[in-house]
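Reproduced below: input_35.txt, with compact mmCIF, C-alpha atoms and all ligand atoms.
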```txt
# COMPACT_ATOMS: atom_id res chain seq x y z
CA MET A 1 0.00 0.00 0.00
CA ASN A 2 1.24 3.51 -0.71
CA ILE A 3 0.40 6.70 1.21
CA TYR A 4 -2.94 6.88 -0.57
CA GLY A 5 -3.97 3.46 0.68
CA GLN A 6 -3.81 2.16 -2.87
CA ASN A 7 -1.97 -0.82 -4.21
CA SER A 8 1.53 0.15 -5.20
CA ASN A 9 1.08 -1.19 -8.75
CA LYS A 10 -1.27 1.75 -9.49
CA MET A 11 0.36 4.44 -11.53
CA LYS A 12 1.89 7.23 -9.51
CA ILE A 13 2.63 10.63 -11.01
CA VAL A 14 4.45 13.52 -9.38
CA SER A 15 3.96 16.94 -10.98
CA VAL A 16 6.58 19.55 -10.16
CA VAL A 17 5.84 23.27 -10.42
CA GLY A 18 7.75 26.30 -9.22
CA ALA A 19 6.75 29.55 -10.84
CA ARG A 20 3.58 31.34 -11.95
CA PRO A 21 3.54 30.22 -15.60
CA ASN A 22 3.51 26.56 -14.43
CA PHE A 23 0.26 26.92 -12.54
CA MET A 24 -1.95 27.46 -15.62
CA LYS A 25 -0.43 24.29 -17.07
CA VAL A 26 -0.78 21.96 -14.10
CA ALA A 27 -4.40 22.97 -13.32
CA PRO A 28 -5.97 21.26 -16.38
CA PHE A 29 -3.67 18.24 -15.96
CA ILE A 30 -4.90 17.69 -12.40
CA ARG A 31 -8.50 18.03 -13.63
CA ALA A 32 -7.83 15.42 -16.32
CA ILE A 33 -6.49 13.01 -13.68
CA ASN A 34 -9.53 13.62 -11.47
CA ARG A 35 -11.85 12.93 -14.41
CA HIS A 36 -9.93 9.76 -15.21
CA ASN A 37 -10.14 8.62 -11.59
CA GLY A 38 -13.87 9.31 -11.54
CA ASN A 39 -14.42 7.03 -14.52
CA THR A 40 -12.27 4.04 -13.71
CA THR A 41 -11.21 1.71 -10.95
CA ASP A 42 -7.67 1.90 -12.28
CA LYS A 43 -6.92 5.11 -10.41
CA ILE A 44 -3.82 7.24 -10.75
CA SER A 45 -2.26 8.66 -7.64
CA HIS A 46 -1.00 12.19 -8.16
CA LEU A 47 1.24 14.28 -5.96
CA LEU A 48 1.77 18.00 -6.52
CA VAL A 49 5.17 19.37 -5.53
CA HIS A 50 5.78 23.16 -5.50
CA THR A 51 9.43 24.15 -5.28
CA GLY A 52 8.38 27.51 -3.82
CA GLN A 53 10.34 29.62 -6.35
CA HIS A 54 7.30 31.88 -6.55
CA TYR A 55 6.03 32.17 -3.02
CA ASP A 56 4.08 35.36 -2.41
CA ASP A 57 0.32 35.66 -2.53
CA TYR A 58 0.27 37.58 -5.82
CA MET A 59 2.59 35.21 -7.67
CA SER A 60 1.33 31.91 -6.28
CA LYS A 61 -1.50 31.58 -3.75
CA LYS A 62 -3.99 33.73 -5.66
CA ILE A 63 -3.49 31.81 -8.91
CA PHE A 64 -3.81 28.43 -7.15
CA TYR A 65 -7.10 29.60 -5.65
CA GLU A 66 -8.54 30.98 -8.90
CA LEU A 67 -7.58 27.94 -10.96
CA GLU A 68 -8.88 25.62 -8.24
CA ILE A 69 -5.52 23.89 -7.91
CA PRO A 70 -5.43 21.90 -4.68
CA PRO A 71 -2.76 23.08 -2.24
CA ALA A 72 0.59 21.50 -3.07
CA ASP A 73 1.12 18.20 -1.25
CA ILE A 74 4.71 19.26 -0.66
CA ASN A 75 6.21 22.76 -0.77
CA LEU A 76 9.99 22.80 -0.84
CA GLY A 77 10.24 26.47 0.17
CA VAL A 78 13.17 27.16 -2.14
CA GLY A 79 12.27 30.85 -2.61
CA SER A 80 14.41 33.46 -4.34
CA GLY A 81 18.10 33.20 -5.10
CA THR A 82 20.57 32.86 -7.92
CA HIS A 83 19.81 30.30 -10.61
CA ALA A 84 22.30 27.85 -9.14
CA GLU A 85 20.75 28.29 -5.71
CA GLN A 86 17.21 27.79 -6.99
CA VAL A 87 18.10 24.77 -9.14
CA GLY A 88 20.54 23.24 -6.64
CA ASN A 89 18.26 23.62 -3.62
CA SER A 90 15.30 22.27 -5.60
CA MET A 91 17.31 19.22 -6.70
CA ILE A 92 18.47 18.42 -3.17
CA ALA A 93 14.91 18.60 -1.85
CA LEU A 94 13.34 16.82 -4.84
CA GLU A 95 15.72 13.90 -4.57
CA LYS A 96 14.35 13.14 -1.09
CA VAL A 97 10.76 13.41 -2.31
CA PHE A 98 11.31 11.17 -5.35
CA GLU A 99 13.23 8.59 -3.33
CA LYS A 100 10.43 8.40 -0.79
CA GLU A 101 7.51 8.49 -3.21
CA LYS A 102 9.01 6.39 -6.02
CA PRO A 103 6.71 7.72 -8.74
CA ASP A 104 6.38 6.06 -12.14
CA TRP A 105 6.47 9.46 -13.80
CA VAL A 106 7.66 12.94 -12.99
CA VAL A 107 5.76 15.47 -15.08
CA VAL A 108 7.35 18.88 -15.62
CA TYR A 109 5.90 21.96 -17.31
CA GLY A 110 7.32 24.80 -19.40
CA ASP A 111 10.78 26.21 -18.90
CA VAL A 112 11.30 27.51 -15.39
CA ASN A 113 14.06 26.48 -12.99
CA ALA A 114 11.81 23.89 -11.30
CA THR A 115 11.30 22.21 -14.69
CA MET A 116 14.98 21.54 -15.23
CA ALA A 117 15.74 20.76 -11.56
CA ALA A 118 13.02 18.09 -11.48
CA SER A 119 13.97 16.52 -14.80
CA ILE A 120 17.65 16.13 -13.87
CA THR A 121 16.80 14.75 -10.43
CA ALA A 122 14.23 12.27 -11.74
CA LYS A 123 16.42 11.05 -14.58
CA LYS A 124 19.32 10.32 -12.23
CA LEU A 125 16.93 8.20 -10.15
CA HIS A 126 15.76 6.34 -13.28
CA ILE A 127 12.26 7.77 -13.06
CA LYS A 128 10.50 8.50 -16.34
CA VAL A 129 10.19 12.19 -17.19
CA CYS A 130 7.37 13.73 -19.21
CA HIS A 131 7.81 17.32 -20.43
CA VAL A 132 4.62 19.23 -21.12
CA GLU A 133 5.42 22.07 -23.57
CA ALA A 134 8.44 20.40 -25.14
CA GLY A 135 10.29 21.56 -28.23
CA LEU A 136 10.01 25.34 -27.96
CA ARG A 137 13.26 27.03 -29.00
CA SER A 138 14.29 30.68 -29.07
CA SER A 139 17.88 29.81 -30.07
CA ASP A 140 18.89 32.44 -27.52
CA TRP A 141 21.23 30.79 -25.04
CA SER A 142 21.40 33.95 -22.93
CA MET A 143 17.85 33.20 -21.70
CA PRO A 144 17.82 30.96 -18.63
CA GLU A 145 14.56 29.48 -19.97
CA GLU A 146 16.29 28.27 -23.16
CA VAL A 147 18.85 26.37 -21.09
CA ASN A 148 16.03 24.88 -19.01
CA ARG A 149 14.11 23.82 -22.15
CA ILE A 150 17.05 22.16 -23.85
CA VAL A 151 18.28 20.26 -20.79
CA THR A 152 14.74 19.13 -19.95
CA ASP A 153 13.98 17.96 -23.47
CA ARG A 154 17.28 16.10 -23.70
CA LEU A 155 16.40 14.14 -20.57
CA SER A 156 12.69 13.56 -21.13
CA ASP A 157 11.26 10.15 -22.04
CA LEU A 158 8.00 11.61 -23.34
CA LEU A 159 7.97 15.03 -25.04
CA LEU A 160 4.53 16.61 -25.43
CA THR A 161 4.59 19.54 -27.83
CA PRO A 162 2.19 22.46 -28.27
CA ASP A 163 2.66 22.77 -32.04
CA LYS A 164 4.24 21.11 -35.05
CA ILE A 165 7.12 23.60 -35.25
CA SER A 166 8.26 22.22 -31.89
CA VAL A 167 8.04 18.66 -33.23
CA GLU A 168 10.40 19.66 -36.04
CA ASN A 169 12.79 21.36 -33.58
CA LEU A 170 13.06 18.15 -31.58
CA LYS A 171 13.55 15.93 -34.61
CA ARG A 172 16.30 18.25 -35.83
CA GLU A 173 18.06 17.78 -32.47
CA GLY A 174 17.92 14.01 -32.88
CA VAL A 175 15.09 13.17 -30.46
CA ALA A 176 13.54 9.82 -31.35
CA GLU A 177 10.18 10.31 -33.07
CA SER A 178 8.64 7.64 -30.85
CA ALA A 179 9.18 9.92 -27.82
CA ILE A 180 7.48 12.98 -29.36
CA ARG A 181 3.72 13.61 -29.33
CA PHE A 182 1.95 16.70 -30.64
CA VAL A 183 -0.83 17.34 -28.09
CA GLY A 184 -1.59 21.09 -28.37
CA ASN A 185 -1.28 23.90 -25.88
CA ILE A 186 -2.29 23.11 -22.31
CA MET A 187 -2.36 26.84 -21.35
CA ILE A 188 -5.34 27.21 -23.62
CA ASP A 189 -7.23 24.58 -21.59
CA SER A 190 -7.03 26.99 -18.66
CA LEU A 191 -8.02 29.94 -20.84
CA GLU A 192 -11.09 28.20 -22.23
CA SER A 193 -12.30 26.91 -18.88
CA ASN A 194 -11.94 30.34 -17.26
CA ARG A 195 -13.29 32.63 -19.98
CA LEU A 196 -16.73 33.03 -18.44
CA LYS A 197 -15.44 33.75 -14.95
CA ALA A 198 -13.07 36.37 -16.36
CA GLU A 199 -15.74 37.99 -18.53
CA LYS A 200 -17.92 38.60 -15.47
CA LEU A 201 -15.31 40.83 -13.80
CA ASN A 202 -15.58 44.60 -13.97
CA LEU A 203 -12.66 46.36 -15.65
CA ARG A 204 -12.69 49.47 -13.51
CA GLN A 205 -12.94 47.34 -10.39
CA ILE A 206 -9.91 45.27 -11.46
CA VAL A 207 -7.82 48.40 -11.83
CA LEU A 208 -9.01 50.10 -8.66
CA SER A 209 -8.67 47.08 -6.43
CA ASN A 210 -5.16 46.30 -7.60
CA LEU A 211 -3.71 49.81 -7.84
CA ILE A 212 -0.36 50.15 -6.12
CA SER A 213 -0.85 53.90 -5.67
CA THR A 214 -4.28 55.49 -5.41
CA HIS A 215 -3.53 58.79 -7.14
CA ASN A 216 -5.21 57.71 -10.39
CA GLU A 217 -8.30 56.30 -8.78
CA VAL A 218 -10.86 58.72 -10.11
CA VAL A 219 -9.44 58.96 -13.62
CA PHE A 220 -9.61 55.39 -14.97
CA LYS A 221 -12.76 55.14 -17.06
CA GLY A 222 -12.27 51.68 -18.54
CA ALA A 223 -12.58 52.75 -22.18
CA GLU A 224 -9.77 51.83 -24.61
CA PHE A 225 -6.53 50.94 -22.87
CA VAL A 226 -3.12 49.31 -23.25
CA VAL A 227 -2.00 46.46 -20.99
CA MET A 228 1.66 46.09 -20.22
CA THR A 229 3.89 43.53 -18.46
CA LEU A 230 7.67 43.32 -18.42
CA HIS A 231 9.98 41.02 -16.48
CA ARG A 232 12.75 39.60 -18.68
CA PRO A 233 16.21 40.41 -17.32
CA SER A 234 17.18 41.71 -20.80
CA ASN A 235 14.49 44.41 -20.47
CA VAL A 236 14.40 45.23 -16.78
CA ASP A 237 17.91 44.63 -15.44
CA ASP A 238 19.78 46.91 -17.87
CA GLU A 239 20.18 50.52 -16.80
CA LEU A 240 20.48 51.60 -20.43
CA VAL A 241 17.33 49.82 -21.58
CA LEU A 242 14.65 50.19 -18.89
CA PRO A 243 14.67 54.04 -18.68
CA LEU A 244 14.21 54.34 -22.46
CA LEU A 245 11.23 51.97 -22.38
CA VAL A 246 9.70 53.76 -19.41
CA ASN A 247 10.13 57.19 -21.00
CA PHE A 248 8.44 55.98 -24.17
CA VAL A 249 5.48 54.64 -22.20
CA ILE A 250 5.16 57.84 -20.17
CA SER A 251 5.62 60.36 -22.96
CA GLU A 252 3.94 58.60 -25.88
CA VAL A 253 1.77 55.59 -25.03
CA ALA A 254 0.10 57.22 -22.02
CA ASN A 255 -0.65 60.28 -24.16
CA VAL A 256 -2.75 58.16 -26.49
CA MET A 257 -4.67 56.03 -23.97
CA PRO A 258 -4.48 54.70 -20.40
CA VAL A 259 -1.81 52.10 -19.66
CA ILE A 260 -2.45 49.36 -17.11
CA TRP A 261 0.91 47.93 -16.07
CA SER A 262 0.88 44.73 -14.02
CA VAL A 263 4.23 44.95 -12.24
CA HIS A 264 6.30 41.82 -11.66
CA PRO A 265 8.33 41.90 -8.38
CA ARG A 266 11.63 41.86 -10.27
CA THR A 267 10.51 44.87 -12.31
CA GLU A 268 9.28 46.84 -9.31
CA LYS A 269 12.67 46.36 -7.69
CA GLN A 270 14.52 47.50 -10.81
CA LEU A 271 12.24 50.51 -11.41
CA LYS A 272 12.98 51.66 -7.88
CA GLN A 273 16.68 51.05 -8.26
CA PHE A 274 16.85 53.13 -11.46
CA ASN A 275 14.73 55.94 -9.91
CA LEU A 276 11.88 55.45 -12.35
CA TRP A 277 9.21 54.35 -9.91
CA ASP A 278 8.01 57.74 -8.61
CA LYS A 279 7.81 59.15 -12.10
CA LEU A 280 5.59 56.26 -13.22
CA ILE A 281 3.39 56.41 -10.15
CA ASN A 282 2.84 60.12 -10.74
CA THR A 283 1.90 59.90 -14.41
CA PRO A 284 -1.88 60.40 -14.53
CA ASN A 285 -2.67 57.99 -17.35
CA ILE A 286 -0.51 55.11 -16.07
CA PHE A 287 -2.04 52.62 -13.66
CA MET A 288 0.59 50.54 -11.88
CA VAL A 289 -1.09 47.45 -10.45
CA ASN A 290 0.18 44.51 -8.40
CA PRO A 291 0.70 41.21 -10.27
CA LEU A 292 -2.84 40.40 -11.34
CA GLY A 293 -4.79 37.26 -10.73
CA TYR A 294 -5.47 34.93 -13.64
CA HIS A 295 -9.05 36.05 -14.21
CA ALA A 296 -8.24 39.75 -13.98
CA MET A 297 -5.42 39.45 -16.51
CA LEU A 298 -7.62 37.42 -18.83
CA LYS A 299 -10.37 40.04 -18.66
CA LEU A 300 -7.90 42.86 -19.41
CA ASN A 301 -6.49 40.85 -22.30
CA MET A 302 -9.99 40.29 -23.73
CA HIS A 303 -10.59 44.05 -23.88
CA ALA A 304 -7.15 45.63 -24.39
CA LYS A 305 -6.49 47.63 -27.52
CA ILE A 306 -2.85 46.52 -27.50
CA MET A 307 -0.74 44.27 -25.25
CA LEU A 308 2.89 45.30 -24.63
CA THR A 309 4.72 42.35 -23.10
CA ASP A 310 7.80 40.15 -22.94
CA SER A 311 5.84 37.19 -21.50
CA GLY A 312 5.62 33.99 -23.53
CA GLY A 313 2.30 32.89 -22.06
CA LEU A 314 0.61 36.21 -22.79
CA GLN A 315 1.71 35.98 -26.43
CA GLU A 316 -0.20 32.72 -26.69
CA GLU A 317 -3.27 34.07 -24.93
CA CYS A 318 -3.26 37.18 -27.16
CA THR A 319 -3.26 34.94 -30.23
CA VAL A 320 -6.31 32.99 -29.07
CA LEU A 321 -8.14 36.13 -27.90
CA GLY A 322 -7.12 38.15 -30.97
CA THR A 323 -5.40 40.94 -29.03
CA PRO A 324 -2.73 42.76 -31.07
CA CYS A 325 0.50 42.16 -29.15
CA LEU A 326 3.86 43.91 -29.36
CA THR A 327 6.35 41.34 -28.07
CA MET A 328 9.21 43.24 -26.45
CA ARG A 329 11.85 40.68 -27.39
CA TRP A 330 14.14 40.11 -30.37
CA ASN A 331 13.27 36.43 -30.64
CA THR A 332 10.57 34.06 -29.55
CA GLU A 333 10.34 30.36 -28.80
CA ARG A 334 6.68 30.67 -29.83
CA PRO A 335 6.78 31.63 -33.53
CA ILE A 336 3.26 30.30 -34.01
CA THR A 337 2.01 33.41 -32.18
CA LEU A 338 3.57 35.76 -34.75
CA ARG A 339 1.58 37.51 -37.45
CA GLU A 340 3.44 35.65 -40.19
CA TYR A 341 2.05 32.39 -38.80
CA GLY A 342 -1.46 33.82 -38.39
CA GLY A 343 -1.01 34.95 -34.76
CA THR A 344 -1.40 38.48 -33.39
CA CYS A 345 2.14 39.17 -32.16
CA VAL A 346 5.02 41.10 -33.66
CA LEU A 347 8.59 41.15 -32.34
CA VAL A 348 9.63 44.70 -31.45
CA GLY A 349 12.61 44.01 -29.16
CA ASN A 350 13.53 46.87 -26.87
CA ASN A 351 14.36 49.49 -29.48
CA VAL A 352 12.12 52.48 -28.89
CA GLU A 353 12.06 53.52 -32.55
CA ARG A 354 10.81 50.09 -33.57
CA ILE A 355 8.27 49.92 -30.74
CA ARG A 356 6.94 53.39 -31.61
CA GLN A 357 6.51 52.49 -35.27
CA GLU A 358 4.62 49.27 -34.51
CA PHE A 359 2.60 50.82 -31.71
CA PHE A 360 1.14 53.53 -33.92
CA SER A 361 0.63 51.29 -36.93
CA THR A 362 -1.07 48.63 -34.76
CA LEU A 363 -3.42 51.05 -32.95
CA ASN A 364 -6.18 50.65 -35.49
CA ASN A 365 -5.83 46.89 -35.93
CA SER A 366 -8.97 44.97 -35.09
CA ARG A 367 -9.09 41.74 -33.06
CA LYS A 368 -8.39 38.60 -35.04
CA PRO A 369 -8.65 35.54 -32.78
CA LYS A 370 -6.75 32.52 -34.03
CA HIS A 371 -6.72 28.98 -32.67
CA PRO A 372 -3.61 27.15 -33.86
CA GLU A 373 -4.10 23.42 -34.42
CA LEU A 374 -5.08 21.54 -31.21
CA TRP A 375 -5.27 24.72 -29.11
CA ASP A 376 -8.76 23.54 -28.35
CA GLY A 377 -9.01 23.28 -24.58
CA LEU A 378 -8.56 19.49 -24.59
CA THR A 379 -4.79 19.20 -24.41
CA ALA A 380 -4.61 17.94 -20.81
CA GLU A 381 -6.69 14.89 -21.72
CA ARG A 382 -4.28 14.11 -24.56
CA CYS A 383 -1.27 14.56 -22.25
CA LEU A 384 -2.68 12.06 -19.79
CA MET A 385 -3.62 9.63 -22.53
CA GLU A 386 -0.06 9.72 -23.90
CA ILE A 387 1.37 8.97 -20.47
CA LEU A 388 -1.04 6.06 -19.97
CA ASN A 389 -0.37 4.68 -23.46
CA PHE A 390 3.38 5.04 -23.05
CA ASN A 391 3.21 2.93 -19.95
CA MET A 392 1.15 0.27 -21.65
CA ASN A 393 3.69 -0.05 -24.47
CA ASP A 394 6.58 0.00 -22.05
C1 LIG B 1 10.49 33.19 -13.46
C2 LIG B 1 10.85 32.24 -14.61
C3 LIG B 1 10.38 32.83 -15.94
C4 LIG B 1 8.91 33.18 -15.90
C5 LIG B 1 8.66 34.10 -14.72
C6 LIG B 1 7.19 34.49 -14.61
C7 LIG B 1 12.94 30.95 -14.38
C8 LIG B 1 14.31 30.82 -14.87
N1 LIG B 1 12.29 32.06 -14.74
O1 LIG B 1 11.26 34.37 -13.61
O2 LIG B 1 10.59 31.87 -16.96
O3 LIG B 1 8.54 33.83 -17.10
O4 LIG B 1 9.09 33.45 -13.52
O5 LIG B 1 6.90 35.19 -13.49
O6 LIG B 1 12.46 30.06 -13.70
N2 LIG B 1 9.98 37.45 -6.31
C9 LIG B 1 9.07 37.94 -5.39
N3 LIG B 1 8.00 37.17 -5.06
C10 LIG B 1 7.80 35.94 -5.61
C11 LIG B 1 8.72 35.46 -6.56
C12 LIG B 1 9.80 36.23 -6.91
O7 LIG B 1 9.23 39.04 -4.88
O8 LIG B 1 6.80 35.28 -5.28
C13 LIG B 1 11.15 38.26 -6.67
C14 LIG B 1 12.44 37.52 -6.35
O9 LIG B 1 12.90 37.82 -5.10
C15 LIG B 1 13.37 37.96 -7.45
C16 LIG B 1 12.47 38.33 -8.60
O10 LIG B 1 11.15 38.41 -8.08
O11 LIG B 1 14.09 39.10 -7.06
C17 LIG B 1 12.57 37.32 -9.72
O12 LIG B 1 12.08 36.04 -9.33
P1 LIG B 1 12.65 34.67 -9.96
O13 LIG B 1 11.79 33.57 -9.48
O14 LIG B 1 14.09 34.58 -9.71
O15 LIG B 1 12.51 34.80 -11.52
P2 LIG B 1 11.39 35.45 -12.44
O16 LIG B 1 11.94 36.69 -13.05
O17 LIG B 1 10.08 35.58 -11.72
```
Could you spell out this file's structure in structure tokens?
Ligand code: UD1
Amino acid sequence: MNIYGQNSNKMKIVSVVGARPNFMKVAPFIRAINRHNGNTTDKISHLLVHTGQHYDDYMSKKIFYELEIPPADINLGVGSGTHAEQVGNSMIALEKVFEKEKPDWVVVYGDVNATMAASITAKKLHIKVCHVEAGLRSSDWSMPEEVNRIVTDRLSDLLLTPDKISVENLKREGVAESAIRFVGNIMIDSLESNRLKAEKLNLRQIVLSNLISTHNEVVFKGAEFVVMTLHRPSNVDDELVLPLLVNFVISEVANVMPVIWSVHPRTEKQLKQFNLWDKLINTPNIFMVNPLGYHAMLKLNMHAKIMLTDSGGLQEECTVLGTPCLTMRWNTERPITLREYGGTCVLVGNNVERIRQEFFSTLNNSRKPKHPELWDGLTAERCLMEILNFNMND
């Protein structure tokens, strides 16, 4: 008998998450397991492990609650630190968990530090690894996420991809075709199952209840607006880059329409360090809000005129919702979200001239929602089916 009181020959899966973008991916997977368990006597036991990389209420607890993710069975409390500290401390703690629990599969999601830490640890213990969101490549080795993706994919036994471009990337790297399955985008499962809840929220209320400073309270009218997020080190950690971006937003974007900026903790710290914070807080048409919940961000995305972001997940959500998106990066691991592939995003990097040009030429673009193949809200079911089938053929 295992800790669940079940026979130990039942399949046991451990999912490992660590940072905000993982939570939208694990939620539908857990639902798929619960559905499976409700329909069969051959139940799967599932354990959710949170490394604790994202730990505060805004970045973690709130999203768990909204997406109805059960509290993690185990929280490793790794917290902030350098990459080596986050990965190393996660591995040390995960090794103990995997040795005790002896799962059949460790399932990892996306490209954060927890993803790579769990895949290395599991592989060294001869536990099968399944990577959900395999095969994305930016070809930019300066991004920690690219290192995490490549190491994780190299070690994974089952690679579940969101699109066919990712399948080709993996084949080109020599991954055996038998290990690759195109299942679609699991993030979109969360989007589709939360659309109605998000739609019911009130825009003005979202802004007012999340405002970091109250000076703008009476001015936000909830008409046309821009939504902005920024957190990549290449944009926010460079003293030559961040002030130029901020000045552009203050002096040009905010002159055209209100800007709602959901501020990541890293960015808030950097804005304060570069003395940009007070200026932003005191600009009447800029609304600096705490990291938003999932539903609030979805609602803003549904109604924004333009999204300005360097987030990978938001690029995907913009594509499905049809929101024109200026991607503040020079490359993307998600080319399927770009206009040339039918998506709504355009790469503008962090060059103000380029951003200005695209911003003004995009202002009058209308919404064009696009669902890439298998971005249909049913990806989690396919992920689970692939794991079950893999085991049967094993
Ligand atoms: C991480 C992921 C990135 C993802 C992003 C989304 C990696 C390598 N990066 O980057 O892929 O797009 O999350 O949010 O895993 N902090 C808080 N509260 C928290 C969490 C972090 O204040 O709950 C602070 C930390 O102290 C740190 C900064 O935010 O100073 C950055 O956090 P960190 O987890 O190191 O990386 P992210 O930039 O969030």
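Among the candidates A:Lys102, A:Arg137, A:Arg154, A:His231, the residue lying nearest to ligand LIG 1 (chain B) is A:His231 (atoms considered: only C-alpha atoms and all ligand atoms).
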Hey, which residues come within 7 Å of ligand LIG 1 (chain B) if we count all atoms listed in the file? Could you give them as a list in words?
-> Ala19, Arg20, Pro21, Gln53, His54, Tyr55, Asp56, Tyr58, Met59, Ser60, Ser80, Gly81, Thr82, His83, Asp111, Val112, Asn113, Ala114, Pro144, Glu145, His231, Arg232, His264, Pro265, Arg266 and Ser311 of chain A
Pick the closest to A:Met24 from A:Phe274, A:Trp375, A:Tyr341, A:Tyr294: which is it, counting all atoms listed in the file?
->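 The answer is A:Tyr294, which sits nearest to A:Met24.
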Between atom CA of A:Leu298 and atom CA of A:Met228, distance in Å (one decimal) |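 Pair atom CA of A:Leu298 / atom CA of A:Met228 returns 12.8 Å.
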Could you give me, as number ranges by chain, the residues that sit within 10 Å of (-3.2, 20.0, -19.3) in the file's coordinates, counting only C-alpha atoms?
-> A: 24-33, 109, 132-133, 183-190, 377-384
Taking all atoms listed in the file into account, which of A:Ile69, A:Ile127, A:Leu245, A:Met288 comes nearest A:Val49?
->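 Checking each of A:Ile69, A:Ile127, A:Leu245, A:Met288 against A:Val49, counting all atoms listed in the file, the winner is A:Ile69.
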Pairwise distance, atom CA of A:Glu146 with atom CA of A:Ile63, equals 24.6 Å
